[in-house]
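Visitor: I have a structure I would like to understand better, so I am pasting it below and will then ask my questions one at a time.
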Amino acid sequence: MIGQAGSKILVARGDMDLIPGPDAGRESQMETSSPRSLKDRVLDSLERQPLSWLWAEGIALTLIVGFLDYSTGYEVSVVLLYSLPILLIAWFADRTSAVLMALLCSIVWWWADEASGHPYAHDWHQVWETAVRLGYFLFFVVTGTAVKSRIALLEHSRQLEQEIIRISEREQRRIGQDLHDGLCQYYAAVGCAAGSLKLNLEKQGSPAAKSAAEIEDLIMKGVGQARSLARGLAPVENDEVGLQFALEDLALTTSRLQSIDCRLVCESPVSIFDNRCANHLYRIVQESINNATRHGKAGVIRIHLNSDEDAVRLAIEDNGTGIPHSLPGPPGMGMSIMQYRARTIGGELEVAPRPEGGTIVACTFHQKVPHSPAHDDRKH
């Protein structure tokens, strides 16, 4: 049965970072309720340290490595360990400081090599070896700063992409609210006026009453279309179970408009505490249904939504033609956007063929559950 496969899909996991939104107090409780890892605390501490402290730590580490280099003798090389203080300065300071640290490491290496009694046939051999070590250390400087710059650029690009999506969705919600509270209410009033006119004309026995009834019907249909458009711009209500209700409405609308069997399978209420994540999941389902009906020619679609502790699992399966073995071109924009939406909420997307035929689109992500008295009361 098509309704049985979706709940058994296992997809990749990800940790979700909540951003400030309408429920700022609740999200602040989520952030403080989950302690940061030791690695994150150490990295934050190093980033906040002044340059003088970093230099003191780098010099101390260099002297320790130099003493170890001297103790092991020139027969055993520990030159790779000199990269530790260099990378420390290159990552948490600037390039100039990293170059100076590389020079210091070269001097310390030369001292350890000289003190250990390394014999050379000619004096210039030792100078050459020291220059080679300096070039080796400078390579760590270039590599470390390049990787740091690349990671910073990727992080900046990711933040820009998320900000663009947030702005776009905020504007969509604003336009949807303006349509619902402004245009829809205005035309509903016009429709009521047309209804009153129809009643007056009917009382007078005027043949124009039929035309007034047609006008009223057209206006009310326009109101319904405007409200549907407003719901499409802001599909998920800002509520913990808003996603479930939005998906039920989407399934009913799809079944009615496209004459297919589309249903939501949700055995128990699923709470999504971040409306931003709920909207991303809704758009993933919306795009999956669009692909299943347009490209897969599906007649049956099942949307599975369930949760297990802090893990939320979503699966959309259909009985369409499935995924072709060889695509005529690169993946479409819709698939790329779905992948990005999944990454944005800290999860991953998996698209696979169903054994019985058709396609399964599945996503799992982990959310931070708020620990508030009201939530605990609802839970118990």
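Scheme for the structure tokens: letters A, B, ... for chains in order shown; per-chain residue numbers from 1; ligand numbers from 1 in order shown.
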Considering only C-alpha atoms, return as a list in words whatever protein or nucleic-acid residues lie within 12 Å of Leu218 of chain A, sequence-local ones (same chain, fewer than 5 positions apart) excluded.

Guide: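 With the cut-off at 12 Å, the set is Tyr187, Ala188, Val190, Gly191, Ala194, Gly195, Ser211, Ala212, Ala213, Val223, Gly224 and Gln225 of chain A.
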
Visitor: I'd like the contact shell of Asn279 of chain A - 10 Å cut-off, only C-alpha atoms, skipping same-chain residues fewer than 6 positions apart - returned as a ChimeraX atom specification.

Guide: /A:169,234-238,242-243,246,272,285,341

Visitor: Extract the full set of strand (DSSP E or B) residues from segment 265-364 of chain A according to DSSP on the backbone, and format it as JSON, numbers by chain.

Guide: {"A": [265, 300, 301, 302, 303, 304, 305, 306, 307, 308, 311, 312, 313, 314, 315, 316, 317, 318, 348, 349, 350, 351, 352, 353, 359, 360, 361, 362, 363, 364]}

Visitor: Excluding Asp181 of chain A and any residue of its chain fewer than 5 positions from it, enumerate the residues within 10 Å of it, using only C-alpha atoms, and give them as a list in words.

Guide: Ile175, Gly176, Tyr186, Arg227 and Ala230 of chain A

Visitor: Report, in Å with one decimal, the straight-line distance from atom CA of Gly73 of chain A to atom CA of Trp110 of chain A.

Guide: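 Computing the Euclidean distance for atom CA of Gly73 of chain A and atom CA of Trp110 of chain A yields 12.4 Å.
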
Visitor: Could you write out, as a VMD selection string, all the residues of segment 64-285 of chain A that DSSP marks as helix (DSSP H, G or I)?

Guide: chain A and resid 64 to 72 79 to 92 95 to 115 123 to 204 208 to 233 242 to 258 275 to 285

Visitor: What is the atom CA of Glu317 of chain A-atom CA of Ile303 of chain A distance in Å, reported with one decimal?

Guide: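 If I compute the distance from atom CA of Glu317 of chain A to atom CA of Ile303 of chain A, I get 6.7 Å.
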
Visitor: Give me, please, the distance in Å between atom CA of Glu47 of chain A and atom CA of Ile165 of chain A, quoted to one decimal.

Guide: 29.1 Å

Visitor: In terms of the shortest atom-to-atom distance over only C-alpha atoms, which of A:Ala342, A:Ala115, A:Leu88, A:Ala226 is closest to Leu54 of chain A?

Guide: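 Using only C-alpha atoms, Leu54 of chain A sits closest to A:Leu88.
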
Visitor: Using only C-alpha atoms, which residue out of A:Ile167, A:Val132, A:Ala352, A:Ile360 lies closest to Arg276 of chain A?

Guide: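 So, comparing all the options, the nearest one is A:Ile167.
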
Visitor: Nearest residue to Val108 of chain A out of A:Val312, A:Ala209, A:Leu250, A:Val79, using only C-alpha atoms?

Guide: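 Using only C-alpha atoms, the shortest distance to Val108 of chain A belongs to A:Val79.
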